[in-house]
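Undergrad: Please see the structure below; I have some questions.
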Amino acid sequence: MTPVRMSNALIASRDRFAADNPEERVVLNGREWGVVDTGGAGPALLLIPGTLGRGDIFWQQIEALRGRARILAVTYPATGGVAEWADDLALLMDQRGIGRATVLGSSLGGYLAQYMAAVHAARVERLIAANTLCSVALVRQVPPYSSDLDAGPISELRDGFGKGLNAWAATHPEQADLVALLLAEVGGRIPEPELRTRLNGIKRAPDLPAVALPAERIVTVEAQDDPLIPPFMREEVRAKLKPSVAYRFETGGHFPYAARPALYTAMLEEQLGLVPDGAGEWGGGEVRAR
């Protein structure tokens, strides 16, 4: 994997946030999670990252919404899987006195958010399924998921991510800082046991039950240039969830919250009811593209 350039504005900004908002370590049903909790009042928002992020990967949205929303951003434990994690997050909400929350999950987190909205529907005010998939049947057949995720060399798994990220940087040089940040995550900021568990979280994920929410409380997010979620998978997610609003980033890749943070925050402001629906940057309608 290409050595990570550790000095850039994006990493410096994230590191300042992490220093000011240290991750709590919280045991839920015997599994140790990381939690960033802004406290305070306002609509509750639960942020669930994908494979390559800790809870603070959403730092730009957390900083922008602080004081207007109660935000929990979580980091996966080193054990368990999608079904267990959904129960853990419901317990976390219990412990923090949150009855219902808007649940945004990206990638792996989007799959978990869908599962949570099916089995813990009473806890989900709104589902935001972002840059994600609704079936893992095909994914299990391709690297790295087709590899031995328990005993295979961790260097090979990390190098696989590195190749993909560096290929993206070659065609999107304007995102070099973001790629460096993600390379640092996969290079060791996400410990080996956690990384293996996240990958197995997708490989061994249960089929998704039907989401028990009305359409007006379901939203999808996708990016037209997402290299990991191809068009047919995006269509499958929309067909399964039948969202009331589908947000489409014209650019942003697999990580629009980091690549286009202000526009991502504007989406959350709409969905949390912090601005009138349709009055923000995205405009109105069932499909909103920017």
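In the structure tokens, chains take the letters A, B, ... in the order shown, each chain's residues start at 1, and ligands count up from 1 in the order shown.
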From a backbone DSSP assignment, name each residue in region 181-259 of chain A labelled strand (DSSP E), as a list of chain:residue names.
TA: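 Answer for region 181-259 of chain A, restricted to strand (DSSP E): A:Ile218, A:Val219, A:Thr220, A:Val221, A:Glu222, A:Ala223, A:Val245, A:Ala246, A:Tyr247, A:Arg248, A:Phe249.
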Undergrad: Would you mind exporting N, CA, C and O atoms of the selected residues as a PDB file, in the first residue's frame?
TA:
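Generated file (result_0.pdb):
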```pdb
ATOM      1  N   ILE A 218     -38.415   7.374   4.705  1.00  0.00           N
ATOM      2  CA  ILE A 218     -37.291   6.654   4.097  1.00  0.00           C
ATOM      3  C   ILE A 218     -36.646   7.535   3.032  1.00  0.00           C
ATOM      4  O   ILE A 218     -37.330   8.103   2.181  1.00  0.00           O
ATOM      5  N   VAL A 219     -35.327   7.624   3.083  1.00  0.00           N
ATOM      6  CA  VAL A 219     -34.548   8.437   2.151  1.00  0.00           C
ATOM      7  C   VAL A 219     -33.361   7.616   1.681  1.00  0.00           C
ATOM      8  O   VAL A 219     -32.787   6.834   2.455  1.00  0.00           O
ATOM      9  N   THR A 220     -32.984   7.765   0.421  1.00  0.00           N
ATOM     10  CA  THR A 220     -31.760   7.150  -0.074  1.00  0.00           C
ATOM     11  C   THR A 220     -30.795   8.231  -0.547  1.00  0.00           C
ATOM     12  O   THR A 220     -31.201   9.332  -0.916  1.00  0.00           O
ATOM     13  N   VAL A 221     -29.519   7.881  -0.524  1.00  0.00           N
ATOM     14  CA  VAL A 221     -28.456   8.773  -0.979  1.00  0.00           C
ATOM     15  C   VAL A 221     -27.518   7.960  -1.859  1.00  0.00           C
ATOM     16  O   VAL A 221     -27.143   6.833  -1.511  1.00  0.00           O
ATOM     17  N   GLU A 222     -27.157   8.532  -3.005  1.00  0.00           N
ATOM     18  CA  GLU A 222     -26.210   7.853  -3.887  1.00  0.00           C
ATOM     19  C   GLU A 222     -25.357   8.899  -4.590  1.00  0.00           C
ATOM     20  O   GLU A 222     -25.666  10.091  -4.566  1.00  0.00           O
ATOM     21  N   ALA A 223     -24.271   8.440  -5.189  1.00  0.00           N
ATOM     22  CA  ALA A 223     -23.421   9.308  -6.002  1.00  0.00           C
ATOM     23  C   ALA A 223     -23.280   8.688  -7.382  1.00  0.00           C
ATOM     24  O   ALA A 223     -23.058   7.477  -7.503  1.00  0.00           O
ATOM     25  N   VAL A 245     -37.734  10.438  -0.848  1.00  0.00           N
ATOM     26  CA  VAL A 245     -36.756  11.319  -1.480  1.00  0.00           C
ATOM     27  C   VAL A 245     -35.501  10.511  -1.778  1.00  0.00           C
ATOM     28  O   VAL A 245     -35.015   9.760  -0.921  1.00  0.00           O
ATOM     29  N   ALA A 246     -34.983  10.675  -2.999  1.00  0.00           N
ATOM     30  CA  ALA A 246     -33.703  10.084  -3.382  1.00  0.00           C
ATOM     31  C   ALA A 246     -32.744  11.221  -3.716  1.00  0.00           C
ATOM     32  O   ALA A 246     -32.977  11.987  -4.649  1.00  0.00           O
ATOM     33  N   TYR A 247     -31.683  11.340  -2.929  1.00  0.00           N
ATOM     34  CA  TYR A 247     -30.655  12.351  -3.171  1.00  0.00           C
ATOM     35  C   TYR A 247     -29.577  11.744  -4.059  1.00  0.00           C
ATOM     36  O   TYR A 247     -29.097  10.628  -3.796  1.00  0.00           O
ATOM     37  N   ARG A 248     -29.177  12.497  -5.096  1.00  0.00           N
ATOM     38  CA  ARG A 248     -28.146  12.020  -6.021  1.00  0.00           C
ATOM     39  C   ARG A 248     -27.035  13.060  -6.135  1.00  0.00           C
ATOM     40  O   ARG A 248     -27.245  14.146  -6.671  1.00  0.00           O
ATOM     41  N   PHE A 249     -25.879  12.717  -5.619  1.00  0.00           N
ATOM     42  CA  PHE A 249     -24.699  13.548  -5.802  1.00  0.00           C
ATOM     43  C   PHE A 249     -24.144  13.280  -7.194  1.00  0.00           C
ATOM     44  O   PHE A 249     -23.853  12.129  -7.538  1.00  0.00           O
TER      45      PHE A 249
END
```
Undergrad: Please produce, as a Markdown table, a per-residue contact table for region 36-85 of chain A versus region 101-114 of chain A (criterion: any atom at most 10 Å away, only C-alpha atoms considered), showing the nearest atom pair and its distance in Å to one decimal, sorted by chain then residue number.
TA:
```
| residue | atom | partner | partner_atom | distance |
| --- | --- | --- | --- | --- |
| A:Pro43 | CA | A:Ala101 | CA | 7.2 |
| A:Ala44 | CA | A:Ala101 | CA | 4.7 |
| A:Leu45 | CA | A:Thr102 | CA | 4.8 |
| A:Leu46 | CA | A:Val103 | CA | 4.8 |
| A:Leu47 | CA | A:Leu104 | CA | 5.1 |
| A:Ile48 | CA | A:Gly105 | CA | 4.5 |
| A:Pro49 | CA | A:Gly109 | CA | 5.1 |
| A:Gly50 | CA | A:Leu108 | CA | 4.6 |
| A:Thr51 | CA | A:Leu108 | CA | 6.0 |
| A:Leu52 | CA | A:Leu108 | CA | 9.4 |
| A:Gly53 | CA | A:Ser106 | CA | 9.8 |
| A:Arg70 | CA | A:Ala101 | CA | 9.1 |
| A:Ile71 | CA | A:Ala101 | CA | 9.1 |
| A:Leu72 | CA | A:Ala101 | CA | 9.5 |
| A:Ala73 | CA | A:Leu104 | CA | 9.7 |
| A:Val74 | CA | A:Gly109 | CA | 9.9 |
| A:Tyr76 | CA | A:Gly109 | CA | 9.5 |
| A:Gly81 | CA | A:Leu112 | CA | 9.1 |
| A:Val82 | CA | A:Leu112 | CA | 5.7 |
| A:Ala83 | CA | A:Leu112 | CA | 8.0 |
| A:Glu84 | CA | A:Leu112 | CA | 9.9 |
| A:Trp85 | CA | A:Leu112 | CA | 7.6 |
```
Undergrad: Which residues, written as a count of residues only, have at least one atom at most 7 Å from region 254-265 of chain A, with only C-alpha atoms counted and residues fewer than 2 positions away on the same chain left out?
TA: 12
Undergrad: Give the answer as one residue: which of A:Arg290, A:Val36, A:Ala176, A:Glu156 has the shortest atom-to-atom distance to Leu10 (chain A), using only C-alpha atoms?
TA: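 Checking each of A:Arg290, A:Val36, A:Ala176, A:Glu156 against Leu10 (chain A), counting only C-alpha atoms, the winner is A:Ala176.
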Undergrad: Which residue gives the smallest distance to Ala86 (chain A) among A:Trp33, A:Tyr145, A:Tyr115, A:Phe17, with only C-alpha atoms counted?
TA: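 Closest to Ala86 (chain A), using only C-alpha atoms: A:Tyr115.
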Undergrad: Of the candidates A:Glu286, A:Asp225, A:Glu194, A:Asp207, which one gets nearest to Lys242 (chain A) if we count only C-alpha atoms?
TA: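 Looking at the shortest contact to Lys242 (chain A), the residue is A:Glu286.
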